[in-house]
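**Student:** data-v5.cif is reproduced below (mmCIF, C-alpha atoms).
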```cif
data_my_file
loop_
_atom_site.label_atom_id
_atom_site.label_comp_id
_atom_site.auth_asym_id
_atom_site.auth_seq_id
_atom_site.Cartn_x
_atom_site.Cartn_y
_atom_site.Cartn_z
CA MET G 1 -32.37 -17.79 -1.71
CA LYS G 2 -29.54 -18.77 0.64
CA ARG G 3 -27.33 -19.42 -2.34
CA ASP G 4 -28.12 -15.99 -3.84
CA LEU G 5 -27.38 -14.31 -0.50
CA LEU G 6 -23.95 -15.92 -0.31
CA TRP G 7 -23.03 -14.81 -3.82
CA TYR G 8 -24.32 -11.32 -3.18
CA LYS G 9 -22.31 -11.02 0.02
CA ALA G 10 -19.16 -12.23 -1.76
CA TRP G 11 -19.76 -9.58 -4.42
CA LEU G 12 -20.22 -6.84 -1.81
CA ASP G 13 -16.97 -7.83 -0.10
CA THR G 14 -14.88 -7.47 -3.26
CA ARG G 15 -16.81 -5.25 -5.68
CA TRP G 16 -14.70 -2.10 -5.33
CA ARG G 17 -11.42 -3.98 -5.71
CA PHE G 18 -12.80 -5.64 -8.81
CA LEU G 19 -14.32 -2.54 -10.40
CA ILE G 20 -11.27 -0.36 -9.77
CA GLY G 21 -8.96 -3.06 -11.10
CA LEU G 22 -11.12 -3.55 -14.19
CA ALA G 23 -11.17 0.19 -14.92
CA LEU G 24 -7.39 0.48 -14.51
CA LEU G 25 -6.64 -2.50 -16.74
CA VAL G 26 -9.09 -1.46 -19.46
CA CYS G 27 -7.66 2.07 -19.54
CA ALA G 28 -4.13 0.67 -19.64
CA ALA G 29 -5.02 -1.62 -22.56
CA MET G 30 -6.52 1.28 -24.50
CA ALA G 31 -3.50 3.48 -23.81
CA THR G 32 -1.12 0.73 -24.95
CA VAL G 33 -2.87 0.41 -28.31
CA LEU G 34 -3.31 4.14 -28.92
CA MET G 35 0.34 4.90 -28.08
CA ARG G 36 1.58 2.61 -30.86
CA PRO G 37 1.78 5.31 -33.61
CA ARG G 38 3.78 7.62 -31.35
CA LEU G 39 6.19 4.84 -30.42
CA MET G 40 6.75 3.97 -34.06
CA GLN G 41 7.76 7.58 -34.70
CA LEU G 42 10.42 7.31 -32.01
CA LEU G 43 11.67 3.88 -33.07
CA PRO G 44 14.31 5.11 -35.58
CA ALA G 45 16.17 6.78 -32.72
CA VAL G 46 16.75 3.36 -31.16
CA SER G 47 19.15 2.44 -33.97
CA THR G 48 21.58 5.06 -32.67
CA ILE G 49 21.89 3.37 -29.27
CA PRO G 50 25.11 1.37 -28.83
CA THR G 51 24.37 -2.36 -28.93
CA SER G 52 27.32 -3.46 -26.81
CA GLY G 53 26.53 -4.95 -23.45
CA GLU G 54 23.46 -6.72 -22.08
CA LEU G 55 21.38 -3.55 -21.86
CA GLY G 56 22.03 -2.64 -25.48
CA ARG G 57 21.16 -6.16 -26.59
CA LYS G 58 17.84 -6.05 -24.73
CA ILE G 59 16.98 -2.66 -26.21
CA GLN G 60 17.65 -3.87 -29.74
CA GLU G 61 15.70 -7.06 -29.16
CA SER G 62 12.70 -5.09 -27.86
CA ALA G 63 12.94 -2.69 -30.81
CA ALA G 64 12.87 -5.61 -33.24
CA LEU G 65 9.79 -7.05 -31.55
CA VAL G 66 7.76 -3.85 -31.46
CA ARG G 67 8.18 -3.25 -35.20
CA GLU G 68 5.59 -5.99 -35.70
CA TYR G 69 2.20 -5.21 -34.13
CA ARG G 70 1.86 -8.64 -32.56
CA GLY G 71 5.29 -8.26 -30.97
CA TYR G 72 4.40 -4.76 -29.82
CA ILE G 73 1.25 -5.95 -28.05
CA TRP G 74 3.10 -8.75 -26.30
CA THR G 75 6.07 -6.66 -25.14
CA GLN G 76 4.09 -3.56 -24.19
CA TRP G 77 0.91 -5.19 -22.90
CA PHE G 78 0.85 -8.89 -22.04
CA ARG G 79 4.41 -8.96 -20.69
CA GLN G 80 3.92 -5.87 -18.55
CA THR G 81 0.69 -4.39 -17.19
CA PRO G 82 -1.57 -7.47 -16.85
CA THR G 83 1.29 -9.48 -15.37
CA GLN G 84 2.39 -6.78 -12.91
CA LEU G 85 -0.83 -4.97 -12.02
CA GLY G 86 -2.77 -8.19 -12.53
CA THR G 87 -0.71 -9.93 -9.85
CA LEU G 88 -1.61 -7.18 -7.39
CA MET G 89 -5.29 -7.37 -8.30
CA ALA G 90 -5.37 -11.17 -7.95
CA ILE G 91 -3.84 -10.86 -4.48
CA LEU G 92 -6.29 -8.13 -3.48
CA LEU G 93 -9.24 -10.25 -4.59
CA GLY G 94 -7.92 -13.20 -2.60
CA THR G 95 -7.47 -11.35 0.68
CA GLY G 96 -10.22 -10.94 3.25
CA GLY G 97 -11.81 -14.15 4.49
CA LEU G 98 -13.88 -15.18 7.48
CA LEU G 99 -11.17 -14.21 9.96
CA SER G 100 -10.88 -10.67 8.61
CA GLN G 101 -14.60 -10.15 9.33
CA SER G 102 -14.21 -10.79 13.05
CA SER G 103 -13.24 -7.21 13.91
CA GLY G 104 -16.34 -5.63 12.37
CA GLY G 105 -18.98 -8.11 13.53
CA GLY G 106 -19.40 -9.52 10.04
CA LEU G 107 -18.18 -12.91 11.19
CA LEU G 108 -21.14 -13.43 13.52
CA PHE G 109 -23.58 -12.64 10.72
CA THR G 110 -21.78 -14.89 8.26
CA LEU G 111 -21.61 -17.85 10.65
CA SER G 112 -25.28 -17.39 11.55
CA LEU G 113 -26.26 -18.27 7.99
CA PRO G 114 -27.62 -21.85 7.70
CA VAL G 115 -24.78 -23.08 5.49
CA SER G 116 -21.54 -24.93 6.15
CA ARG G 117 -18.15 -23.27 6.38
CA GLN G 118 -17.07 -25.19 3.31
CA ARG G 119 -20.00 -23.70 1.41
CA LEU G 120 -19.14 -20.19 2.62
CA LEU G 121 -15.53 -20.61 1.61
CA GLY G 122 -16.40 -22.23 -1.71
CA VAL G 123 -18.68 -19.38 -2.77
CA ARG G 124 -16.11 -16.78 -1.70
CA ALA G 125 -13.37 -18.54 -3.70
CA ALA G 126 -15.59 -19.06 -6.76
CA ALA G 127 -16.73 -15.44 -6.76
CA GLY G 128 -13.16 -14.17 -6.44
CA LEU G 129 -11.93 -16.42 -9.22
CA ALA G 130 -14.82 -15.34 -11.46
CA GLU G 131 -13.84 -11.71 -10.89
CA TRP G 132 -10.20 -12.51 -11.59
CA LEU G 133 -11.23 -14.29 -14.81
CA ALA G 134 -13.04 -11.14 -15.92
CA LEU G 135 -9.96 -9.04 -15.09
CA ALA G 136 -7.78 -11.40 -17.12
CA ILE G 137 -10.03 -11.65 -20.20
CA VAL G 138 -11.92 -8.37 -20.62
CA PRO G 139 -8.95 -5.94 -20.81
CA SER G 140 -7.19 -8.27 -23.25
CA LEU G 141 -10.25 -8.22 -25.50
CA VAL G 142 -10.00 -4.43 -25.61
CA VAL G 143 -6.85 -4.82 -27.70
CA PRO G 144 -8.47 -6.42 -30.80
CA LEU G 145 -11.56 -4.24 -30.40
CA ILE G 146 -9.77 -0.89 -30.66
CA SER G 147 -6.78 -1.88 -32.80
CA PRO G 148 -8.65 -0.86 -36.01
CA ALA G 149 -8.68 2.71 -34.64
CA ILE G 150 -4.94 2.93 -35.43
CA GLY G 151 -5.12 0.87 -38.60
CA GLU G 152 -3.98 -2.41 -37.03
CA SER G 153 -5.58 -5.75 -36.27
CA TYR G 154 -5.10 -8.33 -33.53
CA GLY G 155 -6.76 -11.72 -33.32
CA ILE G 156 -9.51 -12.20 -30.74
CA GLY G 157 -8.41 -15.82 -30.35
CA ALA G 158 -4.86 -14.79 -29.43
CA ALA G 159 -6.21 -12.28 -26.91
CA VAL G 160 -8.38 -14.97 -25.30
CA VAL G 161 -5.46 -17.43 -25.12
CA HIS G 162 -3.26 -14.83 -23.45
CA GLY G 163 -6.12 -14.00 -21.09
CA VAL G 164 -6.52 -17.65 -20.11
CA CYS G 165 -2.78 -17.95 -19.45
CA LEU G 166 -2.96 -14.82 -17.31
CA PHE G 167 -5.92 -16.21 -15.40
CA VAL G 168 -4.37 -19.61 -14.65
CA GLY G 169 -1.02 -18.15 -13.61
CA GLY G 170 -2.54 -15.31 -11.59
CA ALA G 171 -4.86 -17.76 -9.82
CA VAL G 172 -1.77 -18.96 -7.96
CA PHE G 173 -1.44 -15.57 -6.27
CA PHE G 174 -5.18 -15.36 -5.65
CA SER G 175 -5.10 -18.79 -4.00
CA LEU G 176 -2.03 -17.90 -1.97
CA ALA G 177 -3.68 -14.75 -0.60
CA PHE G 178 -6.90 -16.72 -0.02
CA PHE G 179 -5.03 -19.36 1.97
CA LEU G 180 -3.11 -16.78 4.01
CA SER G 181 -6.39 -15.05 4.84
CA THR G 182 -7.45 -18.17 6.74
CA MET G 183 -4.39 -17.76 8.97
CA PHE G 184 -4.53 -14.05 9.88
CA GLU G 185 -7.35 -11.89 11.24
CA ASP G 186 -6.43 -8.83 9.15
CA MET G 187 -6.08 -8.41 5.39
CA TRP G 188 -2.74 -6.59 5.50
CA ARG G 189 -0.49 -9.47 6.50
CA PRO G 190 -1.81 -11.83 3.77
CA LEU G 191 -1.48 -8.97 1.29
CA LEU G 192 2.10 -8.12 2.23
CA ILE G 193 3.25 -11.75 2.47
CA ALA G 194 1.75 -12.63 -0.91
CA LEU G 195 3.26 -9.53 -2.53
CA THR G 196 6.67 -10.31 -1.02
CA LEU G 197 6.56 -13.86 -2.38
CA ALA G 198 5.46 -12.57 -5.80
CA ILE G 199 8.40 -10.16 -5.92
CA ALA G 200 10.78 -12.93 -4.80
CA LEU G 201 9.50 -15.25 -7.55
CA SER G 202 9.93 -12.49 -10.12
CA VAL G 203 13.51 -11.80 -9.05
CA ALA G 204 14.34 -15.51 -8.92
CA GLY G 205 12.95 -15.94 -12.44
CA GLU G 206 15.18 -13.15 -13.73
CA ILE G 207 18.25 -14.67 -12.07
CA ALA G 208 17.58 -18.22 -13.25
CA ARG G 209 16.71 -17.29 -16.82
CA GLU G 210 17.04 -20.86 -18.04
CA LEU G 211 14.09 -21.78 -15.81
CA SER G 212 12.04 -18.68 -16.63
CA PRO G 213 9.88 -20.40 -19.33
CA TYR G 214 8.44 -22.52 -16.50
CA SER G 215 7.94 -19.68 -14.01
CA VAL G 216 4.46 -18.50 -13.05
CA PHE G 217 5.12 -15.11 -14.63
CA ALA G 218 6.09 -16.72 -17.94
CA VAL G 219 2.77 -18.56 -17.78
CA MET G 220 0.93 -15.31 -17.06
CA ASN G 221 2.45 -13.35 -19.95
CA GLY G 222 2.07 -16.25 -22.41
CA GLU G 223 5.66 -16.06 -23.65
CA THR G 224 5.68 -19.65 -24.87
CA TYR G 225 2.49 -19.10 -26.86
CA PHE G 226 3.83 -15.87 -28.32
CA ARG G 227 7.16 -17.33 -29.42
CA THR G 228 6.09 -20.83 -30.49
CA GLY G 229 2.32 -20.76 -30.93
CA HIS G 230 1.95 -23.58 -28.37
CA LEU G 231 0.35 -23.36 -24.96
CA PRO G 232 2.68 -23.74 -21.95
CA TRP G 233 0.93 -26.89 -20.79
CA ILE G 234 3.45 -27.78 -18.08
CA GLY G 235 3.30 -24.33 -16.55
CA LEU G 236 -0.50 -24.24 -16.80
CA LEU G 237 -0.89 -27.63 -15.12
CA VAL G 238 1.59 -26.83 -12.36
CA SER G 239 -0.10 -23.48 -11.71
CA ALA G 240 -3.55 -25.06 -11.62
CA ALA G 241 -2.34 -27.79 -9.25
CA ALA G 242 -0.69 -25.25 -6.95
CA SER G 243 -3.88 -23.15 -6.86
CA ALA G 244 -6.05 -26.19 -6.11
CA ALA G 245 -3.70 -27.29 -3.33
CA MET G 246 -3.79 -23.89 -1.64
CA LEU G 247 -7.57 -23.60 -1.93
CA TRP G 248 -7.95 -27.07 -0.44
CA SER G 249 -5.57 -26.11 2.38
CA ALA G 250 -7.64 -22.99 3.01
CA ALA G 251 -10.77 -25.16 3.36
CA VAL G 252 -9.02 -27.51 5.78
CA ASN G 253 -7.63 -24.62 7.78
CA THR G 254 -11.06 -22.95 8.04
CA ALA G 255 -12.71 -26.18 9.15
CA ARG G 256 -10.24 -26.37 12.06
CA GLN G 257 -10.80 -22.79 13.22
CA ASP G 258 -12.58 -22.25 16.55
CA PHE G 259 -14.80 -19.22 15.86
#
```
Before we go any further, please render this structure as structure tokens.
**Tutor:**
Amino acid sequence: MKRDLLWYKAWLDTRWRFLIGLALLVCAAMATVLMRPRLMQLLPAVSTIPTSGELGRKIQESAALVREYRGYIWTQWFRQTPTQLGTLMAILLGTGGLLSQSSGGGLLFTLSLPVSRQRLLGVRAAAGLAEWLALAIVPSLVVPLISPAIGESYGIGAAVVHGVCLFVGGAVFFSLAFFLSTMFEDMWRPLLIALTLAIALSVAGEIARELSPYSVFAVMNGETYFRTGHLPWIGLLVSAAASAAMLWSAAVNTARQDF
């Protein structure tokens, strides 16, 4: 009963963030697939664009990728919306811990429950990660499910692999926001700090392109898997270790708090 109450409370704390994020990502996945025929009609116009310069090279490279359906899905879906919007959703799910409940009286109720702080924190983290896993997997599965509507096909296995990569990489941002929420009494500072660091990592990855295959965003969009068919094991392991370290730090930090 106590265990069910903890899970239910964790769900109540994050349900609207999760449901809104799920609806947005599912709709975006459907739109990406259904826009494919229209994009293919416009593709011949790309050949008239001058190819000189870095911008022209990128345009031609993208055009070559989208001609194949698998390349289209990666460039227009996995490399964009789940990585960008997904990062925001992972951070939102990670914000809001025990400290953020102190202003509304929720902290007193939570601490009155006959469970340890570690148990409270563990359930909150597990529930948030379960929601993030659903956000990473479910919208990606929409792609193979509705691809036949436009006369195309996409492997369910590939969608799941990309979803797992998105989950593991995005868990870094969830864990970062979760850890920051044990340091601040509001949810806005953890949110803004985590978003700032995410933007900084994205910019740094673009600048240091030779290191980009090992960046967290390259893990999230599954570029290595798309280009080589192999999982980015180094990036996955580093991301998982970073997430575990931040979640452990959050537990230590909460244990030291004087509520």
**Student:** Pull out every residue that the PyMOL selection byres ((chain G and resi 158-168) around 7) matches in the shown coordinates and put them as a PyMOL selection string.
**Tutor:** chain G and resi 132-133+136-137+140-141+155-157+169-171+219-222+236+239-240
**Student:** Fewer than 6 positions away in the same chain doesn't count, so skip those; otherwise give me all residues within 10 Å of stretch 116-125 of chain G, counting only C-alpha atoms, as a PyMOL selection string.
**Tutor:** chain G and resi 3+6-11+13-14+93-94+96-98+110+131+174-175+178+182+247-248+250-252+254-255
**Student:** Assuming the chain letters and numbering stay as they are in my file, what does the PyMOL selection byres ((chain G and resi 20) around 12) actually select? List them as a JSON list (two decimals) with C-alpha atoms, in the frame of the given file.
**Tutor:**
```
[["chain", "number", "residue", "atom", "x", "y", "z"],
["G", 14, "THR", "CA", -14.88, -7.47, -3.26],
["G", 15, "ARG", "CA", -16.81, -5.25, -5.68],
["G", 16, "TRP", "CA", -14.70, -2.10, -5.33],
["G", 17, "ARG", "CA", -11.42, -3.98, -5.71],
["G", 18, "PHE", "CA", -12.80, -5.64, -8.81],
["G", 19, "LEU", "CA", -14.32, -2.54, -10.40],
["G", 21, "GLY", "CA", -8.96, -3.06, -11.10],
["G", 22, "LEU", "CA", -11.12, -3.55, -14.19],
["G", 23, "ALA", "CA", -11.17, 0.19, -14.92],
["G", 24, "LEU", "CA", -7.39, 0.48, -14.51],
["G", 25, "LEU", "CA", -6.64, -2.50, -16.74],
["G", 26, "VAL", "CA", -9.09, -1.46, -19.46],
["G", 27, "CYS", "CA", -7.66, 2.07, -19.54],
["G", 85, "LEU", "CA", -0.83, -4.97, -12.02],
["G", 86, "GLY", "CA", -2.77, -8.19, -12.53],
["G", 89, "MET", "CA", -5.29, -7.37, -8.30],
["G", 92, "LEU", "CA", -6.29, -8.13, -3.48],
["G", 93, "LEU", "CA", -9.24, -10.25, -4.59],
["G", 131, "GLU", "CA", -13.84, -11.71, -10.89],
["G", 135, "LEU", "CA", -9.96, -9.04, -15.09]]
```
**Student:** Interatomic distance between atom CA of G:Leu201 and atom CA of G:Phe173?
**Tutor:**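 One can read the atom CA of G:Leu201 to atom CA of G:Phe173 distance as 11.0 Å.
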**Student:** Could you tell me how far atom CA of G:Ser153 sits from atom CA of G:Arg36, in Å to one decimal place?
**Tutor:**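 Between atom CA of G:Arg36 and atom CA of G:Ser153 the gap works out to 12.3 Å.
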**Student:** Need to verify the contact set: G:Ala31, 12 Å, all atoms listed in the file, exclusion of same-chain residues closer than 2 positions in sequence. Can you return it as an MDAnalysis selection string?
**Tutor:** chainID G and resid 24:29 33:39 73 76:77 81 139 142:143 146:147 150
**Student:** Quick one: distance from atom CA of G:Thr83 to atom CA of G:Leu42 in Å, one decimal?
**Tutor:**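 A separation of 25.3 Å between them.
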**Student:** Tell me which of G:Glu152, G:Gln41, G:Leu191, G:Ala244 sits closest to G:Ala126, counting only C-alpha atoms.
**Tutor:** G:Ala244
**Student:** Enclose all atoms of stretch 157-168 of chain G listed in the file in an axis-aligned box, grow every side by 3 Å, and hand back centre and edge lengths in Å to one decimal, as JSON.
**Tutor:**
```
{"center_x": -5.6, "center_y": -15.9, "center_z": -22.5, "size_x": 11.6, "size_y": 13.3, "size_z": 21.7}
```
**Student:** In terms of the shortest atom-to-atom distance over only C-alpha atoms, which of G:Ile91, G:Phe217, G:Thr32, G:Tyr72 is closest to G:Leu180?
**Tutor:** G:Ile91
**Student:** In terms of the shortest atom-to-atom distance over only C-alpha atoms, which of G:Ala194, G:Phe184, G:Arg67, G:Ala134 is closest to G:Asn253?
**Tutor:** G:Phe184
**Student:** Considering all atoms listed in the file, can you say which of G:Ser202, G:Thr224, G:Thr95, G:Thr75 comes closest to G:Ala177?
**Tutor:** G:Thr95
